[in-house]
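Novice: Contents of query.pdb (PDB, C-alpha atoms (C1' of nucleotides)) are below:
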MODEL        1
ATOM      1  CA  MET A   1       0.000   0.000   0.000
ATOM      2  CA  THR A   2       1.337   3.348  -0.877
ATOM      3  CA  ARG A   3      -1.164   5.723   0.570
ATOM      4  CA  VAL A   4      -3.614   5.948   3.466
ATOM      5  CA  LEU A   5      -6.570   8.312   3.677
ATOM      6  CA  GLU A   6      -8.444   9.109   6.867
ATOM      7  CA  ILE A   7     -12.080  10.117   7.348
ATOM      8  CA  ARG A   8     -13.673  11.175  10.614
ATOM      9  CA  LEU A   9     -16.912   9.277  11.311
ATOM     10  CA  PRO A  10     -20.233  10.783  12.415
ATOM     11  CA  ARG A  11     -21.175   9.814  15.983
ATOM     12  CA  ASP A  12     -24.296   7.899  14.965
ATOM     13  CA  PHE A  13     -22.471   5.632  12.514
ATOM     14  CA  SER A  14     -22.213   1.842  12.863
ATOM     15  CA  PHE A  15     -19.653   0.214  10.572
ATOM     16  CA  ARG A  16     -21.061  -3.270  11.128
ATOM     17  CA  HIS A  17     -24.708  -2.327  10.593
ATOM     18  CA  THR A  18     -23.867  -0.352   7.463
ATOM     19  CA  VAL A  19     -21.531  -2.833   5.762
ATOM     20  CA  ALA A  20     -23.752  -5.845   6.491
ATOM     21  CA  SER A  21     -27.016  -3.956   5.942
ATOM     22  CA  HIS A  22     -27.784  -6.108   2.872
ATOM     23  CA  GLY A  23     -26.075  -8.450   0.430
ATOM     24  CA  TRP A  24     -24.021  -5.902  -1.515
ATOM     25  CA  TYR A  25     -20.896  -6.545   0.579
ATOM     26  CA  ASP A  26     -20.947 -10.092  -0.786
ATOM     27  CA  LEU A  27     -20.826  -8.967  -4.437
ATOM     28  CA  PRO A  28     -17.553  -7.941  -6.104
ATOM     29  CA  PRO A  29     -15.833  -5.574  -6.295
ATOM     30  CA  PHE A  30     -16.777  -5.464  -2.590
ATOM     31  CA  GLU A  31     -15.083  -7.875  -0.207
ATOM     32  CA  HIS A  32     -15.966  -8.314   3.439
ATOM     33  CA  LYS A  33     -15.752 -11.100   5.971
ATOM     34  CA  GLU A  34     -18.562 -11.299   8.492
ATOM     35  CA  ARG A  35     -17.870  -9.219  11.624
ATOM     36  CA  SER A  36     -14.535  -8.071  10.187
ATOM     37  CA  PRO A  37     -13.694  -4.375  10.746
ATOM     38  CA  GLU A  38     -12.597  -4.170   7.108
ATOM     39  CA  LEU A  39     -14.396  -3.575   3.826
ATOM     40  CA  THR A  40     -12.578  -3.692   0.494
ATOM     41  CA  TYR A  41     -13.762  -2.027  -2.694
ATOM     42  CA  VAL A  42     -12.108  -1.590  -6.092
ATOM     43  CA  PHE A  43     -12.759   1.840  -7.609
ATOM     44  CA  ALA A  44     -13.062   1.948 -11.395
ATOM     45  CA  PRO A  45     -10.356   3.751 -13.388
ATOM     46  CA  THR A  46     -10.740   7.355 -14.525
ATOM     47  CA  LYS A  47      -8.861   9.452 -17.089
ATOM     48  CA  ARG A  48      -6.447  10.412 -14.291
ATOM     49  CA  ASP A  49      -6.125   7.153 -12.330
ATOM     50  CA  ARG A  50      -6.040   3.433 -12.898
ATOM     51  CA  ALA A  51      -8.363   1.163 -10.910
ATOM     52  CA  ILE A  52      -7.592   1.458  -7.188
ATOM     53  CA  THR A  53      -8.340  -0.981  -4.393
ATOM     54  CA  ALA A  54      -9.411   0.710  -1.173
ATOM     55  CA  THR A  55      -9.220  -1.295   2.041
ATOM     56  CA  ILE A  56     -11.468   0.531   4.492
ATOM     57  CA  ARG A  57     -10.910  -0.138   8.180
ATOM     58  CA  LYS A  58     -12.728   1.333  11.153
ATOM     59  CA  GLU A  59     -10.453   2.437  13.949
ATOM     60  CA  ARG A  60     -12.345   4.108  16.801
ATOM     61  CA  GLY A  61     -13.919   7.293  15.466
ATOM     62  CA  THR A  62     -12.231   7.258  12.067
ATOM     63  CA  LEU A  63     -11.954   5.270   8.865
ATOM     64  CA  LYS A  64      -8.452   4.418   7.647
ATOM     65  CA  ILE A  65      -8.440   3.794   3.895
ATOM     66  CA  ALA A  66      -5.385   2.000   2.521
ATOM     67  CA  LEU A  67      -4.989   2.264  -1.260
ATOM     68  CA  SER A  68      -3.354  -0.139  -3.702
ATOM     69  CA  SER A  69      -1.625   2.720  -5.532
ATOM     70  CA  LYS A  70      -1.158   6.430  -5.066
ATOM     71  CA  PRO A  71      -4.039   8.286  -6.754
ATOM     72  CA  ARG A  72      -3.760  11.634  -8.499
ATOM     73  CA  ASP A  73      -7.288  12.342  -7.347
ATOM     74  CA  ALA A  74      -7.471  11.158  -3.742
ATOM     75  CA  GLU A  75     -10.540  13.295  -3.105
ATOM     76  CA  ARG A  76     -12.512  11.077  -5.518
ATOM     77  CA  ILE A  77     -11.742   8.028  -3.383
ATOM     78  CA  ALA A  78     -12.675   9.820  -0.154
ATOM     79  CA  ARG A  79     -15.951  11.021  -1.682
ATOM     80  CA  GLY A  80     -16.607   7.523  -2.974
ATOM     81  CA  VAL A  81     -16.099   5.926   0.444
ATOM     82  CA  ALA A  82     -18.374   8.513   2.068
ATOM     83  CA  HIS A  83     -21.015   7.774  -0.562
ATOM     84  CA  ILE A  84     -20.735   3.999  -0.195
ATOM     85  CA  LEU A  85     -21.186   4.200   3.575
ATOM     86  CA  ARG A  86     -23.610   7.148   3.487
ATOM     87  CA  LEU A  87     -21.539   9.129   5.959
ATOM     88  CA  ASP A  88     -23.374  12.337   5.030
ATOM     89  CA  GLU A  89     -26.859  10.907   5.424
ATOM     90  CA  LYS A  90     -28.837  12.451   8.280
ATOM     91  CA  MET A  91     -30.567   9.643  10.160
ATOM     92  CA  SER A  92     -32.235  11.778  12.842
ATOM     93  CA  GLU A  93     -35.519  12.157  10.942
ATOM     94  CA  PHE A  94     -35.806   8.379  10.492
ATOM     95  CA  TYR A  95     -34.897   7.769  14.116
ATOM     96  CA  ALA A  96     -37.581  10.259  15.194
ATOM     97  CA  THR A  97     -40.256   8.088  13.522
ATOM     98  CA  LEU A  98     -39.132   5.172  15.717
ATOM     99  CA  GLU A  99     -39.467   6.986  19.040
ATOM    100  CA  ASN A 100     -42.735   5.346  20.065
ATOM    101  CA  ASP A 101     -42.084   1.938  18.550
ATOM    102  CA  ASP A 102     -40.709  -0.538  21.085
ATOM    103  CA  ARG A 103     -40.075  -3.175  18.443
ATOM    104  CA  LEU A 104     -37.832  -0.995  16.266
ATOM    105  CA  ALA A 105     -36.182   1.028  19.007
ATOM    106  CA  TRP A 106     -33.077  -1.155  18.600
ATOM    107  CA  ILE A 107     -32.359   0.636  15.298
ATOM    108  CA  VAL A 108     -31.640   3.907  17.093
ATOM    109  CA  GLY A 109     -29.562   2.209  19.779
ATOM    110  CA  ALA A 110     -27.510   0.331  17.178
ATOM    111  CA  ASN A 111     -27.109   3.335  14.859
ATOM    112  CA  ALA A 112     -28.513   1.158  12.080
ATOM    113  CA  GLY A 113     -30.371   2.235   8.938
ATOM    114  CA  ARG A 114     -27.590   3.179   6.548
ATOM    115  CA  LEU A 115     -27.744   0.863   3.515
ATOM    116  CA  LEU A 116     -24.466   0.028   1.792
ATOM    117  CA  ARG A 117     -24.367   1.160  -1.834
ATOM    118  CA  SER A 118     -21.998   1.380  -4.775
ATOM    119  CA  PRO A 119     -20.142   4.575  -5.697
ATOM    120  CA  SER A 120     -22.314   4.859  -8.802
ATOM    121  CA  VAL A 121     -26.015   4.431  -9.474
ATOM    122  CA  TRP A 122     -24.942   2.668 -12.656
ATOM    123  CA  GLU A 123     -23.361  -0.154 -10.660
ATOM    124  CA  ASP A 124     -26.336  -0.419  -8.298
ATOM    125  CA  LEU A 125     -28.693  -0.508 -11.287
ATOM    126  CA  VAL A 126     -26.878  -3.373 -13.018
ATOM    127  CA  LYS A 127     -26.509  -5.318  -9.774
ATOM    128  CA  THR A 128     -30.182  -4.874  -8.930
ATOM    129  CA  ILE A 129     -31.191  -6.320 -12.303
ATOM    130  CA  CYS A 130     -28.896  -9.250 -11.470
ATOM    131  CA  THR A 131     -30.929  -9.911  -8.313
ATOM    132  CA  THR A 132     -34.247 -10.293 -10.109
ATOM    133  CA  ASN A 133     -35.914 -13.662 -10.593
ATOM    134  CA  CYS A 134     -32.983 -15.813  -9.563
ATOM    135  CA  SER A 135     -31.207 -17.247  -6.564
ATOM    136  CA  TRP A 136     -28.557 -15.275  -4.698
ATOM    137  CA  ALA A 137     -26.006 -17.791  -5.958
ATOM    138  CA  LEU A 138     -26.831 -16.855  -9.549
ATOM    139  CA  THR A 139     -26.705 -13.138  -8.714
ATOM    140  CA  LYS A 140     -23.178 -13.652  -7.360
ATOM    141  CA  LYS A 141     -22.218 -15.604 -10.455
ATOM    142  CA  MET A 142     -23.464 -12.929 -12.884
ATOM    143  CA  VAL A 143     -21.861 -10.034 -10.997
ATOM    144  CA  GLY A 144     -18.653 -12.018 -10.552
ATOM    145  CA  ASN A 145     -18.516 -12.700 -14.283
ATOM    146  CA  LEU A 146     -19.073  -9.020 -15.113
ATOM    147  CA  VAL A 147     -16.206  -7.951 -12.868
ATOM    148  CA  GLU A 148     -13.856 -10.738 -13.928
ATOM    149  CA  LYS A 149     -14.430 -10.416 -17.678
ATOM    150  CA  LEU A 150     -15.002  -6.666 -18.085
ATOM    151  CA  GLY A 151     -13.442  -5.041 -15.010
ATOM    152  CA  GLU A 152     -10.115  -3.194 -14.951
ATOM    153  CA  PRO A 153      -7.333  -4.497 -12.700
ATOM    154  CA  ALA A 154      -5.884  -2.484  -9.834
ATOM    155  CA  ALA A 155      -2.225  -2.779  -8.826
ATOM    156  CA  ASP A 156      -3.055  -5.678  -6.480
ATOM    157  CA  GLY A 157      -4.805  -7.650  -9.239
ATOM    158  CA  ARG A 158      -8.365  -7.092  -7.968
ATOM    159  CA  LYS A 159     -10.774  -5.828 -10.611
ATOM    160  CA  SER A 160     -13.287  -2.976 -10.657
ATOM    161  CA  PHE A 161     -16.920  -3.060 -11.725
ATOM    162  CA  PRO A 162     -17.169  -2.544 -15.499
ATOM    163  CA  THR A 163     -17.863   0.930 -16.825
ATOM    164  CA  PRO A 164     -20.882   1.560 -19.092
ATOM    165  CA  GLN A 165     -18.401   1.917 -21.972
ATOM    166  CA  ALA A 166     -16.868  -1.496 -21.279
ATOM    167  CA  MET A 167     -20.272  -3.152 -21.211
ATOM    168  CA  ALA A 168     -21.474  -1.203 -24.271
ATOM    169  CA  GLU A 169     -18.691  -2.790 -26.326
ATOM    170  CA  GLN A 170     -20.337  -6.197 -25.862
ATOM    171  CA  ASP A 171     -23.486  -7.546 -27.477
ATOM    172  CA  ALA A 172     -26.354  -9.568 -26.037
ATOM    173  CA  ASP A 173     -24.701 -12.864 -27.004
ATOM    174  CA  PHE A 174     -21.702 -12.011 -24.818
ATOM    175  CA  PHE A 175     -23.899 -11.357 -21.778
ATOM    176  CA  ARG A 176     -25.794 -14.572 -22.438
ATOM    177  CA  GLU A 177     -22.823 -16.851 -23.058
ATOM    178  CA  GLU A 178     -20.065 -15.313 -20.911
ATOM    179  CA  ILE A 179     -21.989 -13.631 -18.083
ATOM    180  CA  ARG A 180     -24.789 -16.239 -17.966
ATOM    181  CA  ALA A 181     -27.340 -13.430 -17.733
ATOM    182  CA  GLY A 182     -30.041 -15.334 -19.598
ATOM    183  CA  TYR A 183     -33.067 -13.256 -20.640
ATOM    184  CA  ARG A 184     -31.434 -10.191 -19.025
ATOM    185  CA  SER A 185     -28.742 -10.196 -21.745
ATOM    186  CA  PRO A 186     -30.442  -7.881 -24.269
ATOM    187  CA  TYR A 187     -31.448  -5.616 -21.376
ATOM    188  CA  PHE A 188     -27.783  -5.167 -20.389
ATOM    189  CA  ALA A 189     -26.696  -4.496 -23.967
ATOM    190  CA  GLU A 190     -29.436  -1.894 -24.417
ATOM    191  CA  LEU A 191     -28.832  -0.268 -21.007
ATOM    192  CA  ALA A 192     -25.062  -0.030 -21.432
ATOM    193  CA  ALA A 193     -25.424   1.532 -24.874
ATOM    194  CA  ALA A 194     -27.868   4.133 -23.564
ATOM    195  CA  VAL A 195     -25.650   5.087 -20.611
ATOM    196  CA  ALA A 196     -22.390   5.073 -22.587
ATOM    197  CA  SER A 197     -23.900   7.340 -25.244
ATOM    198  CA  GLY A 198     -25.261   9.767 -22.662
ATOM    199  CA  GLU A 199     -28.857   9.073 -23.636
ATOM    200  CA  LEU A 200     -29.483   7.855 -20.075
ATOM    201  CA  ASP A 201     -27.787   9.250 -16.955
ATOM    202  CA  PRO A 202     -28.529   7.108 -13.879
ATOM    203  CA  GLU A 203     -26.352   9.370 -11.699
ATOM    204  CA  SER A 204     -28.835  12.209 -12.250
ATOM    205  CA  TRP A 205     -31.416  10.227 -10.278
ATOM    206  CA  LEU A 206     -29.475  11.005  -7.100
ATOM    207  CA  HIS A 207     -30.350  14.690  -7.354
ATOM    208  CA  SER A 208     -33.671  14.460  -9.201
ATOM    209  CA  GLU A 209     -36.388  16.846  -8.026
ATOM    210  CA  LEU A 210     -39.130  14.553  -9.314
ATOM    211  CA  PRO A 211     -41.597  13.196  -6.758
ATOM    212  CA  THR A 212     -40.702   9.605  -5.882
ATOM    213  CA  ALA A 213     -43.677   8.182  -7.790
ATOM    214  CA  ASP A 214     -42.567   9.959 -10.971
ATOM    215  CA  LEU A 215     -38.927   8.984 -10.479
ATOM    216  CA  LYS A 216     -40.040   5.381 -10.058
ATOM    217  CA  LYS A 217     -41.733   5.605 -13.459
ATOM    218  CA  GLU A 218     -38.441   6.821 -14.937
ATOM    219  CA  LEU A 219     -36.552   3.907 -13.398
ATOM    220  CA  LYS A 220     -39.112   1.426 -14.726
ATOM    221  CA  LYS A 221     -38.424   2.617 -18.267
ATOM    222  CA  VAL A 222     -35.191   0.599 -18.023
ATOM    223  CA  LYS A 223     -35.898  -2.907 -19.278
ATOM    224  CA  GLY A 224     -35.498  -5.426 -16.495
ATOM    225  CA  VAL A 225     -36.556  -2.927 -13.842
ATOM    226  CA  GLY A 226     -40.010  -3.593 -12.419
ATOM    227  CA  ASP A 227     -41.660  -2.620  -9.140
ATOM    228  CA  TYR A 228     -39.244  -4.466  -6.868
ATOM    229  CA  ALA A 229     -36.092  -3.362  -8.687
ATOM    230  CA  ALA A 230     -37.229   0.260  -8.942
ATOM    231  CA  GLU A 231     -38.096   0.496  -5.255
ATOM    232  CA  ASN A 232     -34.852  -1.208  -4.281
ATOM    233  CA  LEU A 233     -32.910   1.311  -6.362
ATOM    234  CA  LEU A 234     -34.869   4.173  -4.840
ATOM    235  CA  LYS A 235     -33.781   2.962  -1.401
ATOM    236  CA  LEU A 236     -30.164   3.020  -2.525
ATOM    237  CA  ILE A 237     -30.674   6.519  -3.912
ATOM    238  CA  GLY A 238     -32.062   7.587  -0.531
ATOM    239  CA  ARG A 239     -35.822   7.469  -1.013
ATOM    240  CA  TYR A 240     -37.578   4.995   1.238
ATOM    241  CA  ASP A 241     -41.252   5.492   0.303
ATOM    242  CA  GLY A 242     -41.491   2.067  -1.366
ATOM    243  CA  LEU A 243     -41.247  -1.290   0.414
ATOM    244  CA  ALA A 244     -39.414  -3.098  -2.439
ATOM    245  CA  LEU A 245     -41.221  -6.331  -1.659
ATOM    246  CA  ASP A 246     -39.633  -9.468  -3.041
ATOM    247  CA  SER A 247     -40.173 -13.112  -2.202
ATOM    248  CA  TRP A 248     -37.591 -13.038   0.620
ATOM    249  CA  LEU A 249     -39.039  -9.943   2.276
ATOM    250  CA  ARG A 250     -42.585 -11.261   2.000
ATOM    251  CA  ALA A 251     -41.595 -14.619   3.505
ATOM    252  CA  ARG A 252     -39.853 -12.866   6.402
ATOM    253  CA  PHE A 253     -42.934 -10.739   7.067
ATOM    254  CA  TYR A 254     -45.254 -13.771   7.024
ATOM    255  CA  LYS A 255     -43.036 -15.501   9.552
ATOM    256  CA  THR A 256     -42.450 -12.487  11.791
ATOM    257  CA  HIS A 257     -45.840 -10.776  11.821
ATOM    258  CA  ASN A 258     -48.435 -13.145  10.336
ATOM    259  CA  ASP A 259     -47.949 -16.533  12.047
ATOM    260  CA  GLY A 260     -46.221 -17.901   8.949
ATOM    261  CA  ARG A 261     -49.311 -17.426   6.795
ATOM    262  CA  LYS A 262     -49.294 -15.672   3.441
ATOM    263  CA  CYS A 263     -51.137 -12.387   3.138
ATOM    264  CA  ALA A 264     -51.743  -9.649   0.593
ATOM    265  CA  ASP A 265     -49.096  -6.984  -0.017
ATOM    266  CA  LYS A 266     -51.697  -4.435   1.097
ATOM    267  CA  LYS A 267     -51.545  -5.860   4.607
ATOM    268  CA  ILE A 268     -47.751  -5.490   4.673
ATOM    269  CA  ALA A 269     -48.062  -1.923   3.394
ATOM    270  CA  LYS A 270     -50.624  -1.087   6.076
ATOM    271  CA  PHE A 271     -48.363  -2.516   8.780
ATOM    272  CA  TYR A 272     -45.532  -0.106   7.922
ATOM    273  CA  SER A 273     -47.616   2.858   6.724
ATOM    274  CA  LYS A 274     -47.103   4.739   9.996
ATOM    275  CA  PHE A 275     -43.463   5.260   9.056
ATOM    276  CA  GLY A 276     -44.498   7.339   6.027
ATOM    277  CA  GLU A 277     -41.635   8.150   3.684
ATOM    278  CA  TRP A 278     -39.344   5.974   5.820
ATOM    279  CA  GLN A 279     -41.446   2.809   5.552
ATOM    280  CA  GLY A 280     -39.049   1.099   3.122
ATOM    281  CA  LEU A 281     -36.197   1.495   5.575
ATOM    282  CA  ALA A 282     -38.373   0.494   8.523
ATOM    283  CA  ILE A 283     -39.422  -2.831   6.953
ATOM    284  CA  TRP A 284     -35.861  -3.609   5.890
ATOM    285  CA  CYS A 285     -34.414  -2.991   9.342
ATOM    286  CA  ASP A 286     -37.287  -4.906  10.943
ATOM    287  CA  MET A 287     -36.814  -7.960   8.723
ATOM    288  CA  THR A 288     -33.008  -8.026   9.069
ATOM    289  CA  GLU A 289     -32.764  -7.472  12.839
ATOM    290  CA  ARG A 290     -31.808 -11.098  13.471
ATOM    291  CA  TRP A 291     -28.693 -10.693  11.285
ATOM    292  CA  PHE A 292     -27.138  -8.601  14.022
ATOM    293  CA  LYS A 293     -27.983 -10.704  17.059
TER     294      LYS A 293
ATOM    295  C1'  DG B   1     -28.787 -39.709 -13.284
ATOM    296  C1'  DC B   2     -33.058 -37.417 -14.305
ATOM    297  C1'  DG B   3     -37.058 -34.456 -13.828
ATOM    298  C1'  DT B   4     -39.188 -30.842 -11.317
ATOM    299  C1'  DC B   5     -39.382 -26.822  -8.606
ATOM    300  C1'  DC B   6     -38.297 -22.263  -7.610
ATOM    301  C1'  DA B   7     -35.383 -18.393  -6.190
ATOM    302  C1'  DG B   8     -34.305 -11.380  -3.355
ATOM    303  C1'  DG B   9     -39.382 -10.668 -11.024
ATOM    304  C1'  DT B  10     -40.246  -8.606 -15.446
ATOM    305  C1'  DC B  11     -42.149  -8.228 -20.026
ATOM    306  C1'  DT B  12     -45.685  -8.673 -23.379
ATOM    307  C1'  DA B  13     -50.104  -9.650 -25.059
ATOM    308  C1'  DC B  14     -54.608  -9.674 -24.064
ATOM    309  C1'  DC B  15     -58.899  -8.548 -21.829
TER     310       DC B  15
ATOM    311  C1'  DG C   1     -55.585  -1.767 -14.520
ATOM    312  C1'  DG C   2     -55.288  -6.538 -13.957
ATOM    313  C1'  DT C   3     -53.789 -11.236 -15.362
ATOM    314  C1'  DA C   4     -51.622 -15.307 -17.778
ATOM    315  C1'  DG C   5     -47.762 -17.206 -19.790
ATOM    316  C1'  DA C   6     -43.033 -17.045 -21.235
ATOM    317  C1'  DC C   7     -38.474 -16.168 -20.013
ATOM    318  C1'  DC C   8     -32.828 -17.904 -18.236
ATOM    319  C1'  DT C   9     -29.972 -20.106 -14.857
ATOM    320  C1'  DG C  10     -28.484 -23.337 -11.503
ATOM    321  C1'  DG C  11     -28.965 -25.393  -6.891
ATOM    322  C1'  DA C  12     -32.026 -28.313  -4.065
ATOM    323  C1'  DC C  13     -34.842 -32.021  -3.776
ATOM    324  C1'  DG C  14     -37.335 -36.388  -4.647
ATOM    325  C1'  DC C  15     -37.282 -40.575  -7.012
TER     326       DC C  15
ENDMDL
END
Just give me the structure of the file as structure tokens.
Specialist:
Amino acid sequence: MTRVLEIRLPRDFSFRHTVASHGWYDLPPFEHKERSPELTYVFAPTKRDRAITATIRKERGTLKIALSSKPRDAERIARGVAHILRLDEKMSEFYATLENDDRLAWIVGANAGRLLRSPSVWEDLVKTICTTNCSWALTKKMVGNLVEKLGEPAADGRKSFPTPQAMAEQDADFFREEIRAGYRSPYFAELAAAVASGELDPESWLHSELPTADLKKELKKVKGVGDYAAENLLKLIGRYDGLALDSWLRARFYKTHNDGRKCADKKIAKFYSKFGEWQGLAIWCDMTERWFK
DNA sequence: GCGTCCAGGTCTACC
DNA sequence: GGTAGACCTGGACGC
């Protein structure tokens, strides 16, 4: 390692609850071992820098970030780490909605609620499509193939997530045969071409002034993005109005709050409606509480 | 070994 | 707007 950055942490930040908040830490170019104080991520190359591996370690009230090579633009890496871990996100409003809820009070005590995300919406978008209609094992296989076959190597040999340009150079057959993306293959080819050409800018969704319902419609224009995927992406963007119900979340709700019996989505929505625009975060924290026991 | 089911759903056609 | 059927892969399971 040739360079170490340091970031001061907000007081209400939990490294463990943020890194393990959902499965992203298990998908490359993230690396993390359960309960380890370290998270590794490989940042994609830019015009100024090659791909750089950042090994992020919590030490008391700071993050120490060891880099695989000395960057020309260290600020980009620091901003990226802050974005990944949502260091700038104000959690107080969410925590205020939990004040009179005995069941979810643990969230405030644990400083939970920050959801791990990628440095780019592009990466989160592609990964989310990889989670749809398949097992987690297949999601890992598809994302692993994308990184291995189209990522750029850092000095330590680890590879970054492919850029839109790198994916746009491939056709649907490549995604089908090499990535094993199945029916998603033409979706990836079309999406990458749109983003690489500038026709579509997923990063603009982060700062969109559209109401969430309208932004969700924009997201659903991307082939392969339906209700679940759009609401999951909105959570990663920082909008928690939607529940992003999938088969796993539904099954957890049935078991936790409905005696193991199936019920309509409307009943789940009613259960969390009191949390308003934070309901998507409330259900996620509620259903994943056992991960941290 | 083989067939079936289904998993962190979505798209299209049709009504 | 709601619904049925098709769509890919690969691991788990029963036989």
Novice: Do you have the atom CA of A:Trp205-atom CA of A:Leu87 distance handy?
Specialist: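 Taking atom CA of A:Trp205 and atom CA of A:Leu87, their separation equals 19.0 Å.
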Novice: Taking a cut-off of 12 Å and counting all atoms listed in the file, can you build a table that, for each residue of chain A near chain C, reports the nearest atom pair and how far apart they are in Å (one decimal), sorted by chain then residue number, as JSON lines?
Specialist:
{"residue": "A:Cys130", "atom": "CA", "partner": "C:DT9", "partner_atom": "C1'", "distance": 11.4}
{"residue": "A:Thr132", "atom": "CA", "partner": "C:DC8", "partner_atom": "C1'", "distance": 11.2}
{"residue": "A:Asn133", "atom": "CA", "partner": "C:DC8", "partner_atom": "C1'", "distance": 9.3}
{"residue": "A:Cys134", "atom": "CA", "partner": "C:DT9", "partner_atom": "C1'", "distance": 7.5}
{"residue": "A:Ser135", "atom": "CA", "partner": "C:DG10", "partner_atom": "C1'", "distance": 8.3}
{"residue": "A:Trp136", "atom": "CA", "partner": "C:DG11", "partner_atom": "C1'", "distance": 10.4}
{"residue": "A:Ala137", "atom": "CA", "partner": "C:DG11", "partner_atom": "C1'", "distance": 8.2}
{"residue": "A:Leu138", "atom": "CA", "partner": "C:DG10", "partner_atom": "C1'", "distance": 7.0}
{"residue": "A:Thr139", "atom": "CA", "partner": "C:DT9", "partner_atom": "C1'", "distance": 9.8}
{"residue": "A:Lys140", "atom": "CA", "partner": "C:DG10", "partner_atom": "C1'", "distance": 11.8}
{"residue": "A:Lys141", "atom": "CA", "partner": "C:DT9", "partner_atom": "C1'", "distance": 10.0}
{"residue": "A:Met142", "atom": "CA", "partner": "C:DT9", "partner_atom": "C1'", "distance": 9.9}
{"residue": "A:Phe175", "atom": "CA", "partner": "C:DC8", "partner_atom": "C1'", "distance": 11.6}
{"residue": "A:Arg176", "atom": "CA", "partner": "C:DC8", "partner_atom": "C1'", "distance": 8.8}
{"residue": "A:Glu177", "atom": "CA", "partner": "C:DC8", "partner_atom": "C1'", "distance": 11.2}
{"residue": "A:Ile179", "atom": "CA", "partner": "C:DT9", "partner_atom": "C1'", "distance": 10.8}
{"residue": "A:Arg180", "atom": "CA", "partner": "C:DT9", "partner_atom": "C1'", "distance": 7.2}
{"residue": "A:Ala181", "atom": "CA", "partner": "C:DC8", "partner_atom": "C1'", "distance": 7.1}
{"residue": "A:Gly182", "atom": "CA", "partner": "C:DC8", "partner_atom": "C1'", "distance": 4.0}
{"residue": "A:Tyr183", "atom": "CA", "partner": "C:DC8", "partner_atom": "C1'", "distance": 5.2}
{"residue": "A:Arg184", "atom": "CA", "partner": "C:DC8", "partner_atom": "C1'", "distance": 7.9}
{"residue": "A:Ser185", "atom": "CA", "partner": "C:DC8", "partner_atom": "C1'", "distance": 9.4}
{"residue": "A:Pro186", "atom": "CA", "partner": "C:DC8", "partner_atom": "C1'", "distance": 11.9}
{"residue": "A:Gly224", "atom": "CA", "partner": "C:DC7", "partner_atom": "C1'", "distance": 11.7}
Novice: Any chance you could tabulate, as a tab-separated table, the residues of chain B at most 9 Å from chain A with each one's nearest atom pair and distance in Å to one decimal, using all atoms listed in the file, in chain and rising number order?
Specialist:
residue	atom	partner	partner_atom	distance
B:DC6	C1'	A:Cys134	CA	8.6
B:DA7	C1'	A:Ser135	CA	4.3
B:DG8	C1'	A:Trp248	CA	5.4
B:DG9	C1'	A:Asn133	CA	4.6
B:DT10	C1'	A:Gly224	CA	5.8
B:DC11	C1'	A:Gly224	CA	8.0
Novice: To test your reading of the syntax: which residues would the PyMOL selection byres ((chain A and resi 27-38) around 7) return for the file shown? Reply as a list in words.
Specialist: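 Output from the PyMOL selection byres ((chain A and resi 27-38) around 7), applied to this file: Arg16, Trp24, Tyr25, Asp26, Leu39, Thr40, Tyr41, Val42, Thr55, Ile56, Arg57, Lys58, Lys140, Val143, Gly144, Val147, Lys159, Ser160 and Phe161 of chain A.
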Novice: What's the separation between atom CA of A:Ala44 and atom CA of A:Ala172, in Å to one decimal place?
Specialist: 22.9 Å
Novice: What is the distance, in Å and to one decimal place, between atom CA of A:Ser204 and atom CA of A:Thr163?
Specialist: 16.4 Å
Novice: Name every residue that the PyMOL selection byres ((chain A and resi 6) around 10) selects in this structure, writing the answer as a list of chain:residue names with chains first and numbers rising.
Specialist: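 Taken on the displayed file, the PyMOL selection byres ((chain A and resi 6) around 10) yields the residues A:Val4, A:Leu5, A:Ile7, A:Arg8, A:Leu9, A:Ile56, A:Arg57, A:Lys58, A:Glu59, A:Thr62, A:Leu63, A:Lys64, A:Ile65, A:Ala66, A:Ala78.
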Novice: Produce the centre coordinates and the three edge lengths, each in Å to one decimal, of the box along x, y and z that contains all listed atoms of chain C with 6 Å added on each side, as JSON.
Specialist:
{"center_x": -42.0, "center_y": -21.2, "center_z": -12.5, "size_x": 39.1, "size_y": 50.8, "size_z": 29.5}
Novice: Run the PyMOL selection byres ((chain A and resi 95) around 10) on the file and write out the hits as a list in words.
Specialist: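 Residues picked by the PyMOL selection byres ((chain A and resi 95) around 10): Lys90, Met91, Ser92, Glu93, Phe94, Ala96, Thr97, Leu98, Glu99, Leu104, Ala105, Ile107, Val108, Gly109, Asn111, Ala112, Gly113, Trp278 and Ala282 of chain A.
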Novice: Mind checking which residues fall within 12 Å of A:Asp201, counting all atoms listed in the file, ignoring those fewer than 2 positions away in the same chain, and posting them as a tab-separated table (two decimals) with C-alpha atoms, in the coordinates of the input?
Specialist:
chain	number	residue	atom	x	y	z
A	120	SER	CA	-22.31	4.86	-8.80
A	121	VAL	CA	-26.02	4.43	-9.47
A	122	TRP	CA	-24.94	2.67	-12.66
A	125	LEU	CA	-28.69	-0.51	-11.29
A	164	PRO	CA	-20.88	1.56	-19.09
A	191	LEU	CA	-28.83	-0.27	-21.01
A	192	ALA	CA	-25.06	-0.03	-21.43
A	193	ALA	CA	-25.42	1.53	-24.87
A	194	ALA	CA	-27.87	4.13	-23.56
A	195	VAL	CA	-25.65	5.09	-20.61
A	196	ALA	CA	-22.39	5.07	-22.59
A	197	SER	CA	-23.90	7.34	-25.24
A	198	GLY	CA	-25.26	9.77	-22.66
A	199	GLU	CA	-28.86	9.07	-23.64
A	203	GLU	CA	-26.35	9.37	-11.70
A	204	SER	CA	-28.84	12.21	-12.25
A	205	TRP	CA	-31.42	10.23	-10.28
A	206	LEU	CA	-29.48	11.00	-7.10
A	207	HIS	CA	-30.35	14.69	-7.35
A	208	SER	CA	-33.67	14.46	-9.20
A	218	GLU	CA	-38.44	6.82	-14.94
A	219	LEU	CA	-36.55	3.91	-13.40
A	222	VAL	CA	-35.19	0.60	-18.02
